[in-house]
Amino acid sequence: MDIIIAGAGRVGFNLARTLSIGHNVTVIDRNAEALQRLQESLDILPLHGDIEDPLTYKKLIDKEADLFIAVTDIDEANLISTMIADDTIKVERKFIRLRNSFFAKSSIREKLGIDKAIFPIELTSKTIETLLEYPKANNVKTFRYTDFKLISVRATAITEPITLEEQELKKSLAIVGIERDKRFFIPGEPVIEPGDLVYLFGKESDIRTLCNTLESEAPRSISRCVIFGAGDLGIEIAKILIDNGKEVKLVDKDIDRCEIADEKLEGEAIAISCKYGTSPLFEEEGLENADMMIAATDNDEYNIIKCLEAREHGIGKVISINNEMEYYNLMHSLGIVVVRGPKTSAYNAILESIYAGGVVMERKFCGGKATIFLRKIFPGSKLIGKRIKPPKIKANAEAFFIRDNTLLPLKEPIEAQEDDIFVTFAEESMAPSLKVWIYGL
């Protein structure tokens, strides 16, 4: 594909790095240094200029692009660049990143012919909401074609290794990944050891049962919540928690942000200023009585510190909003739940949207260390009745098929039936070959 990315910040850089492999990528930005760094490390075409200036697009006039992606931090710039690009370039699809939730409810996207609008703050907040339903889980992923879920949980309740056979859950779910001693792997014969972060795929009810068996530190239910960070993200998370009937306290160093948060939340949350430090607040304001703490500032290091403080004060579930994946292993080793921050959410959501139009659904998990490929056999598919051979897997991957709401390992050739779902889990080293297999069915 020919892809144009407006914005060379963190989201734009990561998209360019991923999409430049196999696609022709042009990146537009007025920051010459950012473009130079991109060009030095990636095979892309840099275009220096203001994305809001029509003259910037002069070199692209009469050209065609399969996809235009506007991903700066400024909504207005992204909207204007999309309008200009649509007027000067023949663009097949347009994606845009937006912060203001107003645009989610307005008709502006339709009027501008935008195919996909990504709201990263909303995505991160919705992830927090999902964890309210699964207090024992570290992460929950749902899929379009099946009710089966991918849920990760920390094995804190066991003192010796266990297997799924011992839990009599072999036919309803599978262990598709384990993170142990900062190393992720997909086990052939899975044995869960104490302290493992286990990735489970299968029926929700059975996963929930196993989560209760494996995890002992997180609360069984969540009522009281503390949020560090009263910026846009903290306020959006607070709104969702309040809508779910939770008691919320919002903490921030900036008293002005606290006042803004109090106004936007209409007094339904307690906003606390911590200008002179937060440590005494755990006792003075009763923060230590919370069931869950979310560190939602835009500083990843500060978020980690707040989570460690919360754990020291006995809060059972601590969540750090994370935009820098280099901290992923560190946080997991410290028992901190990691939720994708707005920048990381934008990057992943855009990639998933790019591939969503095809027959195969592609998702990342475990901080990008592994990939899920999922393909459903729809009515009228040419694959119905075809003999499907399993992929050639030696290690670092697993293949399954779902039939009649049952998860089965794909070890031998089978005859595909209508509504079958083929799903593979692969470490990044194996992902390219699994991708070729599932697309080539």
# chains A, B, ... in the order shown; residues from 1 in each chain; ligands from 1
call {"tool": "residues_around", "arguments": {"residues": "A:Phe143", "least_positions_apart": "5", "cutoff": "10 Å", "atoms": "only C-alpha atoms", "output": "list in words"}}
result
Phe148, Lys149, Leu150, Met361, Arg363 and Leu374 of chain A
call {"tool": "write_last_selection", "arguments": {"atoms": "N, CA and C atoms", "output": "PDB file, in the first residue's frame"}}
result
ATOM      1  N   PHE A 148     -15.289 -16.300  22.897  1.00  0.00           N
ATOM      2  CA  PHE A 148     -14.088 -16.655  23.648  1.00  0.00           C
ATOM      3  C   PHE A 148     -13.256 -15.402  23.900  1.00  0.00           C
ATOM      4  N   LYS A 149     -12.572 -15.384  25.022  1.00  0.00           N
ATOM      5  CA  LYS A 149     -11.758 -14.222  25.395  1.00  0.00           C
ATOM      6  C   LYS A 149     -10.314 -14.629  25.662  1.00  0.00           C
ATOM      7  N   LEU A 150      -9.433 -13.649  25.567  1.00  0.00           N
ATOM      8  CA  LEU A 150      -8.037 -13.825  25.969  1.00  0.00           C
ATOM      9  C   LEU A 150      -7.840 -13.018  27.239  1.00  0.00           C
ATOM     10  N   MET A 361      -8.448 -11.429  11.267  1.00  0.00           N
ATOM     11  CA  MET A 361      -8.287 -10.465  12.354  1.00  0.00           C
ATOM     12  C   MET A 361      -6.908 -10.663  12.965  1.00  0.00           C
ATOM     13  N   ARG A 363      -4.285  -9.303  16.060  1.00  0.00           N
ATOM     14  CA  ARG A 363      -4.185  -8.546  17.304  1.00  0.00           C
ATOM     15  C   ARG A 363      -2.848  -8.849  17.981  1.00  0.00           C
ATOM     16  N   LEU A 374      -6.831 -14.617  13.604  1.00  0.00           N
ATOM     17  CA  LEU A 374      -8.128 -15.288  13.726  1.00  0.00           C
ATOM     18  C   LEU A 374      -8.871 -15.191  12.402  1.00  0.00           C
TER      19      LEU A 374
END
call {"tool": "residues_around", "arguments": {"residues": "stretch 412-426 of chain A", "least_positions_apart": "6", "cutoff": "8 Å", "atoms": "only C-alpha atoms", "output": "PyMOL selection string"}}
result
chain A and resi 145+176+186+370-379+381+383-390+396-403+434
call {"tool": "closest_residue", "arguments": {"among": "A:Leu330, A:Ile305, A:Leu19, A:Ile121", "to": "A:Glu179", "atoms": "only C-alpha atoms"}}
result
A:Leu330
call {"tool": "residues_around", "arguments": {"residues": "A:Arg109", "least_positions_apart": "4", "cutoff": "12 Å", "atoms": "only C-alpha atoms", "output": "list in words"}}
result
Asn78, Leu79, Ile80, Thr82, Met83, Lys94, Phe95, Ile96, Arg97, Leu98, Phe102, Phe103, Ala104, Lys105, Gly113, Ile114, Asp115, Lys116, Ala117 and Ile118 of chain A
call {"tool": "select_by_dssp", "arguments": {"residues": "stretch 39-183 of chain A", "states": "strand (DSSP E or B)", "output": "ChimeraX atom specification"}}
result
/A:45-48,64-70,90-97,116-118,137-141,149-154,162,173-180,183
call {"tool": "write_last_selection", "arguments": {"atoms": "N, CA and C atoms", "output": "compact mmCIF listing (two decimals), in the first residue's frame"}}
result
# COMPACT_ATOMS: atom_id res chain seq x y z
N LEU A 45 9.69 7.99 2.96
CA LEU A 45 9.89 9.25 2.24
C LEU A 45 9.48 10.39 3.17
N PRO A 46 10.44 11.24 3.61
CA PRO A 46 10.08 12.36 4.49
C PRO A 46 9.58 13.56 3.68
N LEU A 47 8.57 14.25 4.21
CA LEU A 47 8.08 15.46 3.56
C LEU A 47 8.01 16.55 4.61
N HIS A 48 8.92 17.52 4.53
CA HIS A 48 9.03 18.57 5.53
C HIS A 48 8.00 19.67 5.26
N GLU A 64 -1.66 9.21 -5.78
CA GLU A 64 -2.69 8.40 -5.16
C GLU A 64 -2.14 7.75 -3.90
N ALA A 65 -3.02 7.60 -2.91
CA ALA A 65 -2.62 6.94 -1.66
C ALA A 65 -3.73 5.99 -1.23
N ASP A 66 -3.34 4.83 -0.75
CA ASP A 66 -4.32 3.88 -0.24
C ASP A 66 -4.84 4.30 1.13
N LEU A 67 -3.98 5.01 1.88
CA LEU A 67 -4.36 5.35 3.25
C LEU A 67 -3.67 6.64 3.69
N PHE A 68 -4.45 7.55 4.28
CA PHE A 68 -3.92 8.77 4.89
C PHE A 68 -4.23 8.69 6.37
N ILE A 69 -3.19 8.86 7.22
CA ILE A 69 -3.35 8.74 8.67
C ILE A 69 -2.86 10.03 9.33
N ALA A 70 -3.75 10.74 10.03
CA ALA A 70 -3.38 11.98 10.73
C ALA A 70 -3.30 11.68 12.23
N LYS A 90 -5.60 11.74 -4.30
CA LYS A 90 -6.65 10.73 -4.40
C LYS A 90 -6.41 9.70 -3.30
N VAL A 91 -7.20 9.78 -2.22
CA VAL A 91 -7.00 8.93 -1.05
C VAL A 91 -8.12 7.90 -0.96
N GLU A 92 -7.76 6.65 -0.82
CA GLU A 92 -8.74 5.57 -0.72
C GLU A 92 -9.42 5.56 0.65
N ARG A 93 -8.59 5.60 1.73
CA ARG A 93 -9.13 5.57 3.09
C ARG A 93 -8.43 6.63 3.95
N LYS A 94 -9.16 7.18 4.93
CA LYS A 94 -8.61 8.21 5.81
C LYS A 94 -8.86 7.81 7.27
N PHE A 95 -7.77 7.77 8.05
CA PHE A 95 -7.84 7.51 9.49
C PHE A 95 -7.39 8.76 10.23
N ILE A 96 -7.98 8.99 11.40
CA ILE A 96 -7.63 10.19 12.15
C ILE A 96 -7.63 9.89 13.65
N ARG A 97 -6.68 10.49 14.33
CA ARG A 97 -6.59 10.38 15.79
C ARG A 97 -7.17 11.65 16.40
N LYS A 116 -12.12 6.05 9.61
CA LYS A 116 -11.92 5.57 10.98
C LYS A 116 -11.39 6.69 11.85
N ALA A 117 -12.08 6.96 12.95
CA ALA A 117 -11.60 7.93 13.94
C ALA A 117 -11.19 7.16 15.19
N ILE A 118 -9.98 7.41 15.64
CA ILE A 118 -9.43 6.74 16.82
C ILE A 118 -9.47 7.72 17.98
N ALA A 137 -8.07 -10.21 36.77
CA ALA A 137 -7.33 -10.24 35.51
C ALA A 137 -6.34 -9.09 35.38
N ASN A 138 -5.28 -9.34 34.61
CA ASN A 138 -4.35 -8.29 34.23
C ASN A 138 -4.78 -7.60 32.95
N ASN A 139 -5.39 -8.37 32.05
CA ASN A 139 -5.81 -7.82 30.77
C ASN A 139 -6.90 -8.70 30.19
N VAL A 140 -7.79 -8.08 29.42
CA VAL A 140 -8.89 -8.82 28.80
C VAL A 140 -9.02 -8.37 27.35
N LYS A 141 -9.04 -9.33 26.42
CA LYS A 141 -9.25 -9.02 25.01
C LYS A 141 -10.46 -9.80 24.51
N LYS A 149 -12.57 -15.38 25.02
CA LYS A 149 -11.76 -14.22 25.39
C LYS A 149 -10.31 -14.63 25.66
N LEU A 150 -9.43 -13.65 25.57
CA LEU A 150 -8.04 -13.83 25.97
C LEU A 150 -7.84 -13.02 27.24
N ILE A 151 -7.56 -13.70 28.34
CA ILE A 151 -7.44 -13.05 29.65
C ILE A 151 -6.13 -13.47 30.29
N SER A 152 -5.40 -12.50 30.81
CA SER A 152 -4.15 -12.82 31.52
C SER A 152 -4.35 -12.65 33.02
N VAL A 153 -3.68 -13.50 33.79
CA VAL A 153 -3.82 -13.48 35.25
C VAL A 153 -2.50 -13.89 35.88
N ARG A 154 -2.20 -13.30 37.02
CA ARG A 154 -0.97 -13.61 37.76
C ARG A 154 -1.23 -14.78 38.71
N ILE A 162 1.08 -26.35 38.54
CA ILE A 162 -0.17 -27.05 38.22
C ILE A 162 -0.34 -27.10 36.71
N LEU A 173 -10.57 -24.27 27.52
CA LEU A 173 -9.62 -23.17 27.41
C LEU A 173 -8.21 -23.71 27.19
N ALA A 174 -7.33 -22.80 26.81
CA ALA A 174 -5.93 -23.19 26.57
C ALA A 174 -5.01 -22.11 27.11
N ILE A 175 -3.84 -22.52 27.55
CA ILE A 175 -2.78 -21.58 27.93
C ILE A 175 -2.02 -21.24 26.66
N VAL A 176 -2.09 -19.98 26.25
CA VAL A 176 -1.48 -19.58 24.98
C VAL A 176 -0.27 -18.67 25.18
N GLY A 177 0.15 -18.52 26.41
CA GLY A 177 1.35 -17.72 26.68
C GLY A 177 1.64 -17.67 28.16
N ILE A 178 2.92 -17.60 28.50
CA ILE A 178 3.34 -17.46 29.89
C ILE A 178 4.49 -16.46 29.93
N GLU A 179 4.39 -15.52 30.87
CA GLU A 179 5.50 -14.61 31.12
C GLU A 179 6.11 -15.02 32.46
N ARG A 180 7.38 -15.42 32.41
CA ARG A 180 8.06 -15.94 33.60
C ARG A 180 9.48 -15.38 33.64
N ARG A 183 10.51 -13.21 30.81
CA ARG A 183 10.59 -13.85 29.50
C ARG A 183 9.21 -14.38 29.12
call {"tool": "closest_residue", "arguments": {"among": "A:Ser345, A:Thr127, A:Thr209, A:Ser216", "to": "A:Ala157", "atoms": "only C-alpha atoms"}}
result
A:Ser216
call {"tool": "atom_distance", "arguments": {"atom1": "atom CA of A:Asn323", "atom2": "atom CA of A:Lys343"}}
result
5.9 Å
call {"tool": "closest_residue", "arguments": {"among": "A:Met430, A:Gly22, A:Leu60, A:Gly234", "to": "A:Asp43", "atoms": "only C-alpha atoms"}}
result
A:Gly22
call {"tool": "select_by_dssp", "arguments": {"residues": "stretch 2-199 of chain A", "states": "alpha helix (DSSP H)", "output": "ChimeraX atom specification"}}
result
/A:10-19,32-41,75-88,102-105,108-112,120-133,164-167
call {"tool": "atom_distance", "arguments": {"atom1": "atom CA of A:Arg99", "atom2": "atom CA of A:Ala8"}}
result
17.1 Å
call {"tool": "residues_around", "arguments": {"residues": "A:Leu241", "least_positions_apart": "2", "cutoff": "10 Å", "atoms": "only C-alpha atoms", "output": "PyMOL selection string"}}
result
chain A and resi 125-126+128-129+132+223-225+235-239+243-248+269
call {"tool": "write_last_selection", "arguments": {"atoms": "C-alpha atoms", "output": "tab-separated table (two decimals), in the first residue's frame"}}
result
chain	number	residue	atom	x	y	z
A	125	SER	CA	-10.60	4.37	29.73
A	126	LYS	CA	-12.67	1.51	28.30
A	128	ILE	CA	-10.08	0.18	32.76
A	129	GLU	CA	-13.83	-0.41	32.62
A	132	LEU	CA	-13.94	-3.81	36.67
A	223	SER	CA	-15.95	-0.48	44.94
A	224	ARG	CA	-13.42	2.19	45.94
A	225	CYS	CA	-10.99	3.64	43.40
A	235	ILE	CA	-11.19	12.68	34.25
A	236	GLU	CA	-12.40	10.29	31.55
A	237	ILE	CA	-11.50	7.26	33.67
A	238	ALA	CA	-13.25	8.84	36.65
A	239	LYS	CA	-16.42	9.36	34.59
A	243	ASP	CA	-21.04	5.59	35.81
A	244	ASN	CA	-20.31	2.09	37.10
A	245	GLY	CA	-21.27	3.09	40.64
A	246	LYS	CA	-17.73	3.27	42.04
A	247	GLU	CA	-16.47	5.64	44.71
A	248	VAL	CA	-13.69	7.76	43.18
A	269	ALA	CA	-15.61	12.46	42.77
call {"tool": "closest_residue", "arguments": {"among": "A:Arg208, A:His23, A:Lys364, A:Lys249", "to": "A:Ile3", "atoms": "only C-alpha atoms"}}
result
A:His23
call {"tool": "closest_residue", "arguments": {"among": "A:Gly188, A:Ser41, A:Glu312, A:Val25", "to": "A:Pro409", "atoms": "only C-alpha atoms"}}
result
A:Gly188
call {"tool": "closest_residue", "arguments": {"among": "A:Leu351, A:Ile242, A:Val318, A:Ala230", "to": "A:Asp298", "atoms": "only C-alpha atoms"}}
result
A:Ala230
